[in-house]
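To be precise, the following lines are coords30.txt, and they hold compact mmCIF, C-alpha atoms.
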# COMPACT_ATOMS: atom_id res chain seq x y z
CA PRO K 1 329.16 24.21 88.58
CA GLN K 2 332.28 26.03 87.36
CA THR K 3 331.82 24.67 83.85
CA ARG K 4 328.13 25.60 83.84
CA SER K 5 329.01 29.14 84.92
CA LEU K 6 330.93 29.59 81.66
CA ILE K 7 327.81 29.19 79.52
CA ARG K 8 326.77 32.80 80.04
CA ARG K 9 330.25 33.97 79.13
CA PHE K 10 330.56 31.97 75.90
CA HIS K 11 326.96 31.77 74.65
CA PRO K 12 326.36 32.08 71.80
CA ALA K 13 329.38 30.20 70.49
CA ASP K 14 329.80 29.45 66.81
CA ASP K 15 329.95 25.92 65.38
CA ALA K 16 333.72 25.97 64.99
CA ALA K 17 334.29 26.87 68.65
CA ILE K 18 331.87 24.19 69.84
CA GLU K 19 333.34 21.59 67.52
CA GLY K 20 336.83 22.50 68.76
CA LEU K 21 335.74 22.01 72.35
CA LEU K 22 334.12 18.69 71.43
CA GLN K 23 337.42 17.51 69.95
CA SER K 24 339.28 18.29 73.16
CA PRO K 25 340.77 15.45 75.19
CA ILE K 26 339.70 17.39 78.30
CA HIS K 27 336.39 16.16 79.63
CA GLU K 28 335.27 19.52 81.02
CA GLU K 29 335.82 21.20 77.66
CA ARG K 30 333.59 18.62 75.97
CA LEU K 31 331.01 19.20 78.71
CA LEU K 32 331.12 22.95 78.05
CA ALA K 33 330.61 22.33 74.33
CA LEU K 34 327.56 20.19 75.04
CA LEU K 35 326.11 22.70 77.49
CA LEU K 36 326.55 25.40 74.86
CA LEU K 37 324.64 23.21 72.39
CA VAL K 38 321.89 22.72 74.97
CA GLU K 39 321.69 26.48 75.43
CA ARG K 40 321.61 27.04 71.67
CA TYR K 41 318.82 24.51 71.37
CA ARG K 42 316.82 26.11 74.19
CA ARG K 43 317.11 29.67 72.91
CA GLY K 44 317.61 29.16 69.21
CA THR K 45 315.54 29.56 66.12
CA PRO K 46 314.43 26.39 64.32
CA GLU K 47 317.47 26.79 62.05
CA ALA K 48 319.83 27.12 65.04
CA ARG K 49 318.24 24.04 66.62
CA ASP K 50 318.77 22.04 63.45
CA ARG K 51 322.44 23.06 63.42
CA ALA K 52 322.83 22.20 67.12
CA PHE K 53 321.27 18.77 66.57
CA ALA K 54 323.42 18.07 63.49
CA LEU K 55 326.57 19.10 65.35
CA TYR K 56 325.60 16.89 68.28
CA VAL K 57 324.95 13.82 66.14
CA ARG K 58 328.08 14.38 64.09
CA ASN K 59 330.09 14.18 67.32
CA PHE K 60 328.52 11.17 69.02
CA GLU K 61 331.94 9.53 69.36
CA ARG K 62 333.15 12.51 71.45
CA ILE K 63 330.17 12.27 73.81
CA ASN K 64 331.87 9.51 75.71
CA ASN K 65 330.89 9.56 79.35
CA TRP K 66 327.63 9.10 81.22
CA ASP K 67 327.54 12.69 82.49
CA LEU K 68 328.07 14.12 79.01
CA VAL K 69 325.11 12.11 77.73
CA ASP K 70 322.92 12.83 80.74
CA ALA K 71 323.55 16.60 80.61
CA SER K 72 322.70 16.90 76.93
CA ALA K 73 320.70 14.11 75.25
CA GLU K 74 317.35 15.01 76.77
CA HIS K 75 317.77 18.65 75.77
CA VAL K 76 319.15 18.34 72.23
CA VAL K 77 318.06 14.96 70.86
CA GLY K 78 314.84 14.64 72.86
CA PRO K 79 313.02 17.74 71.61
CA HIS K 80 314.28 17.36 68.05
CA GLY K 81 311.63 14.80 67.20
CA VAL K 82 313.89 11.91 66.30
CA GLY K 83 311.69 9.03 65.25
CA ARG K 84 311.48 5.70 67.02
CA ALA K 85 313.20 3.91 64.13
CA GLN K 86 316.26 6.16 64.51
CA LEU K 87 316.30 5.72 68.29
CA LEU K 88 316.21 1.94 67.82
CA ARG K 89 319.10 2.12 65.33
CA TRP K 90 321.10 4.08 67.89
CA ALA K 91 320.13 1.52 70.56
CA ARG K 92 321.85 -1.13 68.41
CA SER K 93 325.02 0.91 67.92
CA PRO K 94 328.35 -0.69 68.89
CA HIS K 95 329.15 2.64 70.63
CA LEU K 96 328.04 2.43 74.28
CA TRP K 97 327.37 6.15 74.56
CA THR K 98 325.23 6.26 71.42
CA ARG K 99 323.07 3.56 72.99
CA ARG K 100 322.84 5.62 76.17
CA ILE K 101 321.89 8.70 74.12
CA ALA K 102 319.05 6.65 72.58
CA ILE K 103 317.48 5.88 75.97
CA VAL K 104 318.29 9.09 77.89
CA SER K 105 316.98 11.32 75.09
CA THR K 106 313.53 9.81 75.68
CA LEU K 107 313.34 11.64 79.02
CA HIS K 108 312.03 14.60 77.03
CA SER K 109 309.07 12.50 75.83
CA ILE K 110 308.51 11.03 79.28
CA ARG K 111 308.20 14.52 80.74
CA ALA K 112 305.58 15.23 78.05
CA GLY K 113 303.61 12.11 79.04
CA ARG K 114 304.61 10.04 75.99
CA PHE K 115 306.17 6.69 76.84
CA GLY K 116 306.16 4.64 73.63
CA ASP K 117 309.69 5.50 72.50
CA THR K 118 311.11 4.86 75.97
CA LEU K 119 309.43 1.46 76.21
CA ALA K 120 310.58 0.48 72.71
CA VAL K 121 314.19 1.49 73.34
CA ALA K 122 314.14 -0.12 76.81
CA ALA K 123 312.95 -3.40 75.27
CA ALA K 124 315.74 -3.17 72.69
CA LEU K 125 318.30 -2.74 75.48
CA LEU K 126 317.16 -5.67 77.64
CA GLN K 127 320.08 -7.83 76.51
CA ASP K 128 322.70 -5.08 76.49
CA PRO K 129 325.87 -6.22 78.28
CA GLU K 130 326.77 -2.81 79.74
CA ASP K 131 325.86 -1.95 83.32
CA LEU K 132 325.79 1.77 82.47
CA LEU K 133 322.98 1.00 80.03
CA HIS K 134 321.13 -1.06 82.63
CA LYS K 135 321.25 1.90 85.01
CA ALA K 136 320.11 4.44 82.42
CA THR K 137 317.31 2.21 81.15
CA GLY K 138 316.11 1.46 84.67
CA TRP K 139 316.19 5.18 85.40
CA MET K 140 314.02 5.97 82.35
CA LEU K 141 311.60 3.19 83.28
CA ARG K 142 311.39 4.59 86.82
CA GLU K 143 310.59 8.01 85.31
CA VAL K 144 307.77 6.42 83.31
CA GLY K 145 306.50 4.79 86.51
CA LYS K 146 306.47 8.12 88.35
CA ARG K 147 304.00 9.41 85.78
CA ASP K 148 302.03 6.24 85.10
CA PRO K 149 302.72 3.28 87.40
CA ALA K 150 300.39 1.04 85.37
CA VAL K 151 302.48 1.51 82.22
CA LEU K 152 305.66 0.57 84.09
CA GLU K 153 304.00 -2.47 85.70
CA ALA K 154 302.74 -3.66 82.30
CA PHE K 155 306.27 -3.38 80.90
CA LEU K 156 307.65 -5.25 83.90
CA ARG K 157 305.09 -8.06 83.57
CA ARG K 158 306.25 -8.59 79.98
CA HIS K 159 309.98 -8.20 80.52
CA HIS K 160 311.08 -8.56 84.15
CA ARG K 161 312.40 -12.10 83.73
CA LYS K 162 314.76 -10.92 80.94
CA MET K 163 315.79 -7.66 82.60
CA PRO K 164 319.27 -7.35 84.04
CA ARG K 165 319.02 -7.09 87.82
CA THR K 166 320.43 -3.55 87.90
CA MET K 167 317.85 -2.36 85.35
CA LEU K 168 315.03 -3.93 87.36
CA ARG K 169 316.29 -2.47 90.64
CA TYR K 170 316.49 1.03 89.18
CA ALA K 171 313.03 0.71 87.60
CA ILE K 172 311.31 -0.35 90.83
CA GLU K 173 313.30 1.86 93.19
CA ARG K 174 310.27 3.98 94.15
CA PHE K 175 307.90 1.09 94.72
CA PRO K 176 306.84 0.22 98.26
CA GLU K 177 309.24 -2.29 99.80
CA SER K 178 306.85 -5.25 99.61
CA ARG K 179 306.18 -4.60 95.93
CA ARG K 180 309.90 -4.21 95.20
CA LYS K 181 310.65 -7.53 96.90
CA ALA K 182 307.88 -9.25 94.93
CA TRP K 183 309.34 -8.02 91.63
CA LEU K 184 312.84 -9.07 92.66
CA ARG K 185 311.59 -12.55 93.62
CA GLY K 186 309.61 -12.74 90.39
CA THR K 187 306.31 -13.20 92.23
CA ALA K 188 304.66 -9.84 91.43
CA ARG K 189 301.46 -9.95 89.45

The structure in this file should be written as C-alpha cells.
Amino acid sequence: PQTRSLIRRFHPADDAAIEGLLQSPIHEERLLALLLLVERYRRGTPEARDRAFALYVRNFERINNWDLVDASAEHVVGPHGVGRAQLLRWARSPHLWTRRIAIVSTLHSIRAGRFGDTLAVAAALLQDPEDLLHKATGWMLREVGKRDPAVLEAFLRRHHRKMPRTMLRYAIERFPESRRKAWLRGTAR
C-alpha cells in the first residue's frame, strides 16, 4: 500500500526515471516502476502505451518476482495485443518470470471473454518444472472456468493427466467438492 500511494506523487514519470527504478536492487523500487508503467498504460496516449510496453519488455529480466509480474503483466502486456505466437515464445523462455508474464498477461483477455491465448499458453506450460508457473497457470485456468466452466472442463478432459497436481488443484479450486475429487482421482467425465 505504501508503494502504491507513491504513484500519484510520481506519475507521470519519464522513461529514464522508470528505467532507473527498474534497475534498482530494491524490490519495492522495481514495483514502483512497474506500477508507474501500469498507470502510464492506463492513462496514456497510444504512443505513451507503446513506450510503456517497450520499456516493460526491455526489462523482463528485472521483473523477477511473482508479485511484480502479477501487478503489471495483465495491465501492460495484456491490453497491448501481443499475438499468440509471441506469448508462446515467451512461454518457452528460460527465464521463469518471462514464462509467468506470458500466462498472467492473458488475464486481460480472459476478462474480455477471450480464452484462446490462455488455453494455448497453459498447454505450453503443462510440462514446466516450476511450481510458481503451475500456480499461475492453474489460476488463469480457474479464471477461465469462472466465466465459462465448459471451456475449462474441455481443457481438463484433454490435459488433466499431464497437468502438475498444483496446476490442477488451482484450476478446479471453485468446483463443488465432489467434482474436485473426481478430477483429482482422474475419474471426472

Self-check item: Closest of K:Arg40, K:His95, K:Arg62, K:Arg111 to Val76 (chain K) - atom-to-atom distances counting only C-alpha atoms
Solution: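 Going through K:Arg40, K:His95, K:Arg62, K:Arg111 one by one, the smallest distance to Val76 (chain K) is for K:Arg40.
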
Quiz item: At a cut-off of 8 Å from (333.0, 19.2, 74.5) in the coordinates of the file, what residues are picked up using all atoms listed in the file, written as a ChimeraX atom specification?
Solution: /K:18-24,26-34,62-63

Quiz item: Taking into account only C-alpha atoms, which residue in the set K:Val38, K:Ala48, K:Val57, K:Ala122 is nearest to Val82 (chain K)?
Solution: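 Selected residue with least distance to Val82 (chain K): K:Val57.
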
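Remark: for Leu156 (chain K), the closest of the candidate residues K:Asp128, K:His75, K:Ala123, K:Leu133 is K:Ala123 (distances computed over all atoms listed in the file).
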
Quiz prompt | Between CA of Glu61 (chain K) and CA of Ala102 (chain K), distance in Å (one decimal) | solution =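 So the two atoms, CA of Glu61 (chain K) and CA of Ala102 (chain K), lie 13.6 Å apart.
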
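Remark: for Arg89 (chain K), the closest of the candidate residues K:Pro149, K:Ala120, K:Leu168, K:Leu68 is K:Ala120 (distances computed over only C-alpha atoms).
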
Quiz item: For Trp139 (chain K), which residue among K:Asp70, K:Glu153, K:Glu47, K:Asp14 is the nearest when counting all atoms listed in the file?
Solution: K:Asp70

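Across the structure, CA of Glu173 (chain K) and CA of Arg84 (chain K) are spaced 26.5 Å apart.
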
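Minimum atom-to-atom distance to Lys135 (chain K), evaluated using all atoms listed in the file, belongs to K:Arg100 out of K:Lys181, K:Arg100, K:Arg43, K:His80.
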
Quiz prompt | Within 8 Å of His160 (chain K) using only C-alpha atoms, minus same-chain residues under 5 positions, as a PyMOL selection string | solution = chain K and resi 155+168+183+186

Dump of C-alpha atoms for the selected residues, as an mmCIF file, in the coordinates of the input:
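Contents of the output file again31.cif:
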data_model
loop_
_atom_site.group_PDB
_atom_site.id
_atom_site.type_symbol
_atom_site.label_atom_id
_atom_site.label_comp_id
_atom_site.auth_asym_id
_atom_site.auth_seq_id
_atom_site.Cartn_x
_atom_site.Cartn_y
_atom_site.Cartn_z
ATOM 1 C CA PHE K 155 306.270 -3.380 80.900
ATOM 2 C CA LEU K 168 315.030 -3.930 87.360
ATOM 3 C CA TRP K 183 309.340 -8.020 91.630
ATOM 4 C CA GLY K 186 309.610 -12.740 90.390
#

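With CA of Thr106 (chain K) on one side and CA of Met163 (chain K) on the other, the separation reads 18.9 Å.
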
Quiz item: What lies within 9 Å of Val144 (chain K) using only C-alpha atoms, ignoring chain neighbours under 3 positions off, as a VMD selection string?
Solution: chain K and resid 107 110 to 111 113 to 115 118 to 119 139 to 141 147 to 149 151 to 152 171

Self-check item: Near-His134 (chain K) list (8 Å; all atoms listed in the file; drop same-chain fewer than 5 positions) as a list in words
Solution: Leu125, Leu126, Asp128, Pro164, Thr166 and Met167 of chain K
